[in-house]
Amino acid sequence: MKKQWWIARNTMLALALIFTNALQAAGYAFNETVPDVRLPASFSGGSACPVPSRQTTASGSIAVRWSTSLSTNPVTILTQDQTPDGRLAEIEKVIQQSFAVWTGVAGTTLKPSSLAPLTRVSAATSCGADGMNSICFDQPDMAFTPGVLAFTRIVTADHAGEQLINGAAAAGPGQILDADVFFNPGDSNVMFSTPAILAANPKSYDLESILTHELGHFLGFSHSAIWSAMMYPFAPAPGTISGVRPTVQAPDAPLADDDRTGLRVLYSDPTDATYVGSIEGRIVPANSLSLPANPPGVTGLFGAHVVAVDAASGAVVAGVLGGWSCTSPGPAQFDGSYAIQALPIGHSYQVYAEALNGAVDPTQVSNALTTLCRNPTTDAGWPPLQSCVVPSANTGFTLRVRPAP
Amino acid sequence: MSDRLRRKLVWTLLQMGLLMLLVATANATTLVRLSFDDLARQATAIARARCLASASLWRNGEIWTETEFAVLEVSKGTAPGILRISLPGGRMDHLQSHVEGVPAFRAGEEVYLFLWNARGRDNYVLGWTQGTFRIMHDPRTGLERVTQDSAATPAFDPATREFRHGGVRNVPLPVFQLKLKRALEKANR
């Protein structure tokens with residue numbers, strides 16, 4: 001694996017070095033949950049290290065229902081088949097296809113068999129935090145404004161045994177108890193088309209692309225900052241699609257390598273022998289005085305975007321937002337660590353990195369970077385030794401490559 | 001530095017800031033791209049506000065976060081002295097509700113909020129992270145700068161292998177205010 005050394009310089013001319021293969025780190029843009037260590041270790045696991053949110057993947061364990069209540073004023077879902085039954089069948093096919101994109105990724109424990117058969121429900125308001133995963137096209141009053149196409153809300157537990165109304169109890173912290181996908185039902189300027197009718201409605205959005213992105217959140221993903229990734233925050237322009245359409249031979253074709261790599265990290269398959277490579281390191285300033293004094297204990301750059309590119313093909317394999325690590329019993333340490341994991345072995349990679357230049361606060365960055373800490377201020381009675389405060393993302397650093405030694 | 005040179009430097013910085021704003025786009029979770037002009041035109045109100053407090057609660061079977069702001073200045077429409085914003089997501093007891101792309105606010109911070117209030121419902125932030133512009137105090141220069149939430153993270157372009165920064169990002173407050181004024185003038189034509 002090719003090592004890349006980087007030198008960073010902030011506006012105060014303080015130097016920063018990115019060391020590869022130095023320390024273990026946790027990363028990737030997943031939603032994170034800090035277990036509640038105030039509870040007995042049998043419930044919390046005893047560690048305040050953030051854990052990524054994820055579904056369980058045993059056979060038939062992911063049950064999903066979708067609401068057949070569709071917005072009629074305005075009509076927001078366009079289908080080729082205009083008969084009532086035909087419309088529902090066409091939309092249901094899109095839902096199944098969108099799930100198949102994710103379950104089609106090799107080297108993960110998320111399999112087509114992980115999904116229970118898709119079911120229907122007629123009520124419009126099926127997407128509540130009730131322990132049942134749902135997809136809703138006409139749910140009212142969900143803070144939609146112009147410009148908001150769709151979103152996914154996931155509810156996670158911070159300890160084992162937590163339960164929502166109709167769902168099973170969490171086996172451990174970070175488990176997703178309920179994931180619901182909401183589409184904007186009331187914006188007369190927004191329409192979604194199934195693949196069969198998209199070309200005839202170039203001002204509408206591709207239902208399959210939007211839903212596939214949302215199902216990434218459903219599975220625990222946060223956003224990716226790689227332009228070509230399915231989890232990139234922008235929706236494709238009206239009349240266009242994300243990536244390419246899936247095929248029988250390549251069911252995951254719409255995804256980018258960054259999405260596939262993330263899924264392999266989140267749902268790692270212990271039997272897989274191909275995607276076991278990793279690039280790990282730290283980004284630290286040459287001048288430690290350039291680090292923030294508050295909160296105390298920050299020893300590396302926080303919030304840098306690190307990207308691995310296959311040196312031979314030029315393909316962007318993965319990117320992470322780095323800057324922290326955690327060793328049980330926690331808490332998270334803001335030491336500049338990053339880790340790009342689940343990389344195919346036998347390849348050489350170039351690593352690109354960029355600090356979050358500009359006035360950036362953690363609240364502006366992905367959820368993945370804002371839910372890493374709990375402390376007595378956020379949670380009464382939280383043990384001080386397992387407390388931390390998320391620092392501001394480092395700003396003003398610029399980076400240039402130094403040739404490998 | 002002479003006054004003339006200082007004025008020239010300020011003017012150059014203003015021009016650079018305006019150039020950045022001209023290429024502004026916005027991003028957030030599964031959102032339609034809204035330009036700055038779109039945001040200014042579609043907002044029912046625009047206010048500079050200071051976050052007072054946030055609290056999560058159950059409402060209609062969902063966890064919501066309600067944030068209270070003290071309104072400092074209103075640039076468009078009307079806004080009450082104390083503004084309450086509702087957004088989905090938050091934490092209640094042992095449950096954490098995540099919605100990627102929803103802005104979160106901390107007590108004490110100042111923001112420009114582009115608001116959306118339809119049919120007398122609660123106040124929402126237009127386009128969520130797209131309609132949230134945070135005012136940060138630069139300790140090095142003492143200047144206030146504005147960054148749009150949706151523009152905070154640099155994106156990597158696989159084609160050029162470069163990081164790109166879009167949206168309103170790290171812009172001096174006077175430049176932002178000038179841009180807002182012009183966008184509102186355009187919206188009123």
# chains A, B, ... in the order shown; residues from 1 in each chain; ligands from 1
$ residues_around --residues "Ala143 of chain A" --least-positions-apart "4" --cutoff "9 Å" --atoms "only C-alpha atoms" --output "list of chain:residue names"
B:Ser86, B:Leu87, B:Pro88, B:Asp122, B:Asn123, B:Tyr124, B:Val125
$ residues_around --residues "Glu73 of chain B" --least-positions-apart "6" --cutoff "7 Å" --atoms "only C-alpha atoms" --output "JSON, numbers by chain"
{"B": [47, 48, 49]}
$ closest_residue --among "A:Val284, A:Val105, A:Leu39, A:Leu263" --to "chain B" --atoms "only C-alpha atoms"
A:Leu39
$ closest_residue --among "B:Thr132, B:Ser54, B:Ala187, B:Ser150" --to "Phe234 of chain A" --atoms "only C-alpha atoms"
B:Ser150
$ atom_distance --atom1 "atom CA of Pro246 of chain A" --atom2 "atom CA of Ser98 of chain A"
8.9 Å
